[in-house]
Amino acid sequence: MIETWKAKMKTENILQSEYLKQHSKDVLQTQALSNKELIENLELISKEYIHIGKSKSELGFNVFTLVSDLYYRENFHSDLIKKFLDPSEEHDEGKKYLHSFINLLNKTNIVSKIAISNFQNSEVFREKKRIDILITDEVSKKAIIIENKINGAVDMNRQLPRYYNEIKSEYDVVAIVYLTLNREKRPDKSDWTAEERKEINSILAIVPAYEPLEKQVSLFDDWIIPSINQSKDIENATILNHYGKLIKHLNTNTMDTVTLSKFYNSLKEGNNLETAISIRNMLNDLSEYLAIRIEDKYKSSCYPFEKIWRYQKRDTVFEGCRINKYYIKIDVWCDENGYTIHFWDNQGKDIVKDFQEKIDLLQDFEPFGEGTSNIKKRYNAFSEEEVCNFLNKILIVLKNMKEK
């Protein structure tokens with residue numbers, strides 16, 4: 001009876017153990033899948049955030065910020081753009097800025113290309129029929145509607161359809177331009193009819209002021225820069241140059257908020273916040289892990305160094321290689337971005353002359369700190385093999401020098 005009970009208990013323990021193993025495996029697989037999905041979802045956001053950080057610009061000496069704060073207002077952008085688009089204005093450059101703007105529109109996804117010949121007799125209006133900028137040609141009976149949202153104003157009720165329906169009774173509207181500060185903003189189409197969606201979408205050009213991430217059509221790259229290059233008058237070119245710097249500054253200094261908003265929304269999905277925190281914690285531990293791997297590999301084969309140990313967890317130290325008057329040390333500093341190998345003399349003696357100049361392995365090391373007793377070289381996070389190849393070779397070189 002007892003033997004039967006023991007056998008039964010043993011079987012149950014085995015089954016429980018197998019269940020726990022399988023359950024643990026399933027949990028780990030689920031966590032790994034969750035991590036993988038989050039990383040894939042955030043990869044583009046991360047690249048965007050890094051690129052925006054590099055693209056951020058200081059406005060510096062700019063005529064618009066010097067004279068007033070009007071550039072914060074929507075009318076400022078519409079007034080300035082209208083002045084350049086209007087051939088009758090006093091810039092004395094004729095139709096070139098208007099035609100350059102049409103070239104920009106022909107690079108967008110509007111269905112039909114706009115013939116510049118249809119805008120040889122154009123007039124440009126501000127706030128006609130409450131439209132920010134309206135371009136019409138009485139000879140060709142063509143029109144372009146420009147709605148300026150560079151300062152982030154929300155759409156009014158059925159704004160674009162109202163403008164379109166009013167103008168199309170007199171003109172053939174070949175483009176509706178929706179000017180935005182960045183590519184994230186889109187027109188509110190929730191109150192459009194199906195027919196309006198079909199008609200307006202075919203002529204709708206969404207044009208961001210600046211696009212730092214990839215080569216897309218933008219007001220900066222495809223109108224301001226070409227207009228500067230075409231300007232005969234240096235004052236026109238200067239004004240456009242200052243305006244270009246202004247909208248580039250406004251764009252790049254707000255885009256990181258947009259990107260963080262995407263990141264926040266991604267974390268809200270499922271259990272992504274917990275997953276992201278676990279990834280962050282693992283990244284924090286990665287530096288120590290890299291240092292441990294170096295220490296484990298050389299702890300029994302670090303000669304001619306006396307010992308190997310870790311300083312503050314992340315620094316693997318090769319300690320005590322005495323060659324003549326020198327006391328050589330090598331630190332392998334580890335962080336989440338990779339490794340830095342620090343080759344130095346602990347007593348501050350000149351290792352550049354007697355070591356770097358004589359050892360080919362050290363030729364591409366750079367000075368570190370003051371004096372000539374410290375040199376270093378940087379490796380990326382996935383260069384462990386390269387780091388170890390260097391260590392293997394330098395240990396042999398130093399061993400031969402020591403035993404001479």
# chains A, B, ... in the order shown; residues from 1 in each chain; ligands from 1
call {"tool": "residues_around", "arguments": {"residues": "Glu138 of chain A", "least_positions_apart": "4", "cutoff": "9 Å", "atoms": "only C-alpha atoms", "output": "list of chain:residue names"}}
result
A:Asn121, A:Ser122, A:Glu123, A:Lys142, A:Tyr171
call {"tool": "select_by_dssp", "arguments": {"residues": "segment 127-243 of chain A", "states": "alpha helix (DSSP H)", "output": "ChimeraX atom specification"}}
result
/A:159-167,194-201,219,225-230,234-243
call {"tool": "write_last_selection", "arguments": {"atoms": "N, CA and C atoms", "output": "CSV table (one decimal), in the first residue's frame"}}
result
chain,number,residue,atom,x,y,z
A,159,GLN,N,-14.3,72.5,-43.6
A,159,GLN,CA,-13.5,73.7,-44.1
A,159,GLN,C,-13.1,73.5,-45.5
A,160,LEU,N,-12.4,72.5,-45.9
A,160,LEU,CA,-11.9,72.3,-47.2
A,160,LEU,C,-13.1,72.1,-48.2
A,161,PRO,N,-14.1,71.2,-47.9
A,161,PRO,CA,-15.2,71.1,-48.8
A,161,PRO,C,-15.9,72.4,-49.1
A,162,ARG,N,-16.1,73.2,-48.1
A,162,ARG,CA,-16.8,74.5,-48.2
A,162,ARG,C,-16.0,75.4,-49.2
A,163,TYR,N,-14.7,75.5,-49.0
A,163,TYR,CA,-13.9,76.3,-49.9
A,163,TYR,C,-14.0,75.7,-51.4
A,164,TYR,N,-13.8,74.4,-51.5
A,164,TYR,CA,-13.8,73.8,-52.8
A,164,TYR,C,-15.1,74.0,-53.5
A,165,ASN,N,-16.2,73.8,-52.8
A,165,ASN,CA,-17.6,73.9,-53.4
A,165,ASN,C,-17.8,75.3,-53.9
A,166,GLU,N,-17.3,76.3,-53.1
A,166,GLU,CA,-17.6,77.7,-53.5
A,166,GLU,C,-16.7,78.1,-54.7
A,167,ILE,N,-15.5,77.7,-54.8
A,167,ILE,CA,-14.6,78.1,-55.9
A,167,ILE,C,-14.9,77.3,-57.1
A,194,ALA,N,-19.1,61.4,-49.3
A,194,ALA,CA,-18.4,60.4,-50.1
A,194,ALA,C,-17.9,61.0,-51.4
A,195,GLU,N,-18.8,61.8,-52.0
A,195,GLU,CA,-18.4,62.5,-53.3
A,195,GLU,C,-17.3,63.5,-53.1
A,196,GLU,N,-17.4,64.2,-51.9
A,196,GLU,CA,-16.3,65.2,-51.7
A,196,GLU,C,-15.0,64.5,-51.4
A,197,ARG,N,-15.0,63.4,-50.7
A,197,ARG,CA,-13.8,62.7,-50.5
A,197,ARG,C,-13.2,62.3,-51.8
A,198,LYS,N,-14.0,61.8,-52.7
A,198,LYS,CA,-13.5,61.3,-54.0
A,198,LYS,C,-12.9,62.5,-54.8
A,199,GLU,N,-13.6,63.6,-54.9
A,199,GLU,CA,-13.2,64.7,-55.7
A,199,GLU,C,-12.0,65.4,-55.0
A,200,ILE,N,-12.0,65.7,-53.7
A,200,ILE,CA,-11.0,66.5,-53.1
A,200,ILE,C,-9.7,65.7,-52.9
A,201,ASN,N,-9.8,64.4,-52.6
A,201,ASN,CA,-8.6,63.6,-52.4
A,201,ASN,C,-7.7,63.5,-53.7
A,219,LEU,N,7.8,72.3,-48.1
A,219,LEU,CA,7.9,73.7,-48.5
A,219,LEU,C,9.4,74.1,-48.5
A,225,ILE,N,14.1,76.5,-51.1
A,225,ILE,CA,15.5,76.4,-51.6
A,225,ILE,C,15.5,76.7,-53.1
A,226,PRO,N,14.6,76.1,-53.9
A,226,PRO,CA,14.6,76.5,-55.4
A,226,PRO,C,14.4,78.0,-55.6
A,227,SER,N,13.5,78.6,-54.8
A,227,SER,CA,13.3,80.0,-55.0
A,227,SER,C,14.5,80.9,-54.6
A,228,ILE,N,15.2,80.4,-53.6
A,228,ILE,CA,16.4,81.1,-53.2
A,228,ILE,C,17.4,81.1,-54.4
A,229,ASN,N,17.6,79.9,-55.0
A,229,ASN,CA,18.5,79.7,-56.1
A,229,ASN,C,18.1,80.5,-57.3
A,230,GLN,N,16.8,80.7,-57.5
A,230,GLN,CA,16.3,81.4,-58.7
A,230,GLN,C,16.3,82.9,-58.5
A,234,ILE,N,19.3,89.9,-54.1
A,234,ILE,CA,19.9,89.3,-52.9
A,234,ILE,C,19.0,89.5,-51.7
A,235,GLU,N,18.2,90.5,-51.7
A,235,GLU,CA,17.3,90.8,-50.6
A,235,GLU,C,16.2,89.7,-50.5
A,236,ASN,N,15.6,89.4,-51.7
A,236,ASN,CA,14.6,88.3,-51.8
A,236,ASN,C,15.2,87.0,-51.3
A,237,ALA,N,16.4,86.7,-51.7
A,237,ALA,CA,17.0,85.4,-51.3
A,237,ALA,C,17.3,85.4,-49.8
A,238,THR,N,17.7,86.6,-49.3
A,238,THR,CA,18.0,86.7,-47.8
A,238,THR,C,16.7,86.4,-47.0
A,239,ILE,N,15.6,87.1,-47.4
A,239,ILE,CA,14.3,86.9,-46.7
A,239,ILE,C,13.9,85.4,-46.8
A,240,LEU,N,14.0,84.8,-47.9
A,240,LEU,CA,13.6,83.4,-48.1
A,240,LEU,C,14.5,82.5,-47.2
A,241,ASN,N,15.8,82.8,-47.2
A,241,ASN,CA,16.7,82.1,-46.4
A,241,ASN,C,16.4,82.1,-44.9
A,242,HIS,N,16.1,83.3,-44.4
A,242,HIS,CA,15.7,83.5,-43.0
A,242,HIS,C,14.4,82.8,-42.7
A,243,TYR,N,13.4,82.8,-43.7
A,243,TYR,CA,12.2,82.1,-43.5
A,243,TYR,C,12.4,80.6,-43.5
call {"tool": "residues_around", "arguments": {"residues": "segment 98-105 of chain A", "least_positions_apart": "3", "cutoff": "7 Å", "atoms": "only C-alpha atoms", "output": "ChimeraX atom specification"}}
result
/A:85-86,95,108,114,116,205,222-223,227
call {"tool": "write_last_selection", "arguments": {"atoms": "C-alpha atoms", "output": "mmCIF file, in the first residue's frame"}}
result
data_model
loop_
_atom_site.group_PDB
_atom_site.id
_atom_site.type_symbol
_atom_site.label_atom_id
_atom_site.label_comp_id
_atom_site.auth_asym_id
_atom_site.auth_seq_id
_atom_site.Cartn_x
_atom_site.Cartn_y
_atom_site.Cartn_z
ATOM 1 C CA LEU A 85 3.637 83.815 -54.803
ATOM 2 C CA ASP A 86 1.962 86.978 -56.137
ATOM 3 C CA LYS A 95 6.074 84.563 -61.872
ATOM 4 C CA THR A 108 3.038 65.512 -54.639
ATOM 5 C CA ILE A 114 -0.642 71.157 -63.217
ATOM 6 C CA ILE A 116 2.354 76.077 -65.648
ATOM 7 C CA ALA A 205 -1.614 68.020 -51.603
ATOM 8 C CA ASP A 222 10.921 72.062 -52.839
ATOM 9 C CA TRP A 223 9.902 75.712 -52.820
ATOM 10 C CA SER A 227 13.256 79.999 -54.967
#
call {"tool": "residues_around", "arguments": {"residues": "Val317 of chain A", "least_positions_apart": "3", "cutoff": "6 Å", "atoms": "only C-alpha atoms", "output": "PyMOL selection string"}}
result
chain A and resi 308-310+330-331
call {"tool": "closest_atom_pairs", "arguments": {"of": "segment 86-154 of chain A", "to": "segment 247-251 of chain A", "cutoff": "12 Å", "atoms": "only C-alpha atoms", "output": "JSON lines"}}
result
{"residue": "A:Ile150", "atom": "CA", "partner": "A:Ile247", "partner_atom": "CA", "distance": 8.7}
{"residue": "A:Asn151", "atom": "CA", "partner": "A:Leu250", "partner_atom": "CA", "distance": 9.3}
{"residue": "A:Gly152", "atom": "CA", "partner": "A:Asn251", "partner_atom": "CA", "distance": 11.2}
call {"tool": "atom_distance", "arguments": {"atom1": "atom CA of Lys83 of chain A", "atom2": "atom CA of Thr180 of chain A"}}
result
18.6 Å
call {"tool": "closest_residue", "arguments": {"among": "A:Asn148, A:Ser373, A:Asn324, A:Gln363", "to": "Gln347 of chain A", "atoms": "only C-alpha atoms"}}
result
A:Ser373
call {"tool": "atom_distance", "arguments": {"atom1": "atom CA of Phe76 of chain A", "atom2": "atom CA of Arg130 of chain A"}}
result
15.7 Å
call {"tool": "closest_residue", "arguments": {"among": "A:Leu398, A:Ala115, A:Ile131, A:Val387", "to": "Gly320 of chain A", "atoms": "only C-alpha atoms"}}
result
A:Leu398
call {"tool": "atom_distance", "arguments": {"atom1": "atom CA of Lys128 of chain A", "atom2": "atom CA of Thr193 of chain A"}}
result
24.3 Å
call {"tool": "residues_around", "arguments": {"residues": "Asp364 of chain A", "least_positions_apart": "3", "cutoff": "10 Å", "atoms": "only C-alpha atoms", "output": "list in words"}}
result
Gln356, Asp360, Leu361, Pro367, Ile375, Lys376 and Lys377 of chain A
call {"tool": "write_last_selection", "arguments": {"atoms": "N, CA and C atoms", "output": "compact mmCIF listing (two decimals), in the first residue's frame"}}
result
# COMPACT_ATOMS: atom_id res chain seq x y z
N GLN A 356 53.33 52.68 -28.11
CA GLN A 356 52.47 52.91 -29.27
C GLN A 356 53.28 53.00 -30.56
N ASP A 360 52.42 47.80 -33.59
CA ASP A 360 51.44 48.10 -34.65
C ASP A 360 50.01 48.06 -34.13
N LEU A 361 49.72 47.17 -33.20
CA LEU A 361 48.36 47.03 -32.67
C LEU A 361 47.84 48.31 -32.04
N PRO A 367 45.02 59.53 -28.07
CA PRO A 367 45.39 60.01 -26.73
C PRO A 367 44.16 60.14 -25.84
N ILE A 375 46.27 55.96 -23.73
CA ILE A 375 45.69 55.93 -25.08
C ILE A 375 44.47 55.03 -25.05
N LYS A 376 43.56 55.22 -26.00
CA LYS A 376 42.32 54.42 -25.99
C LYS A 376 41.81 54.18 -27.40
N LYS A 377 40.92 53.20 -27.52
CA LYS A 377 40.27 52.91 -28.78
C LYS A 377 38.84 52.43 -28.51
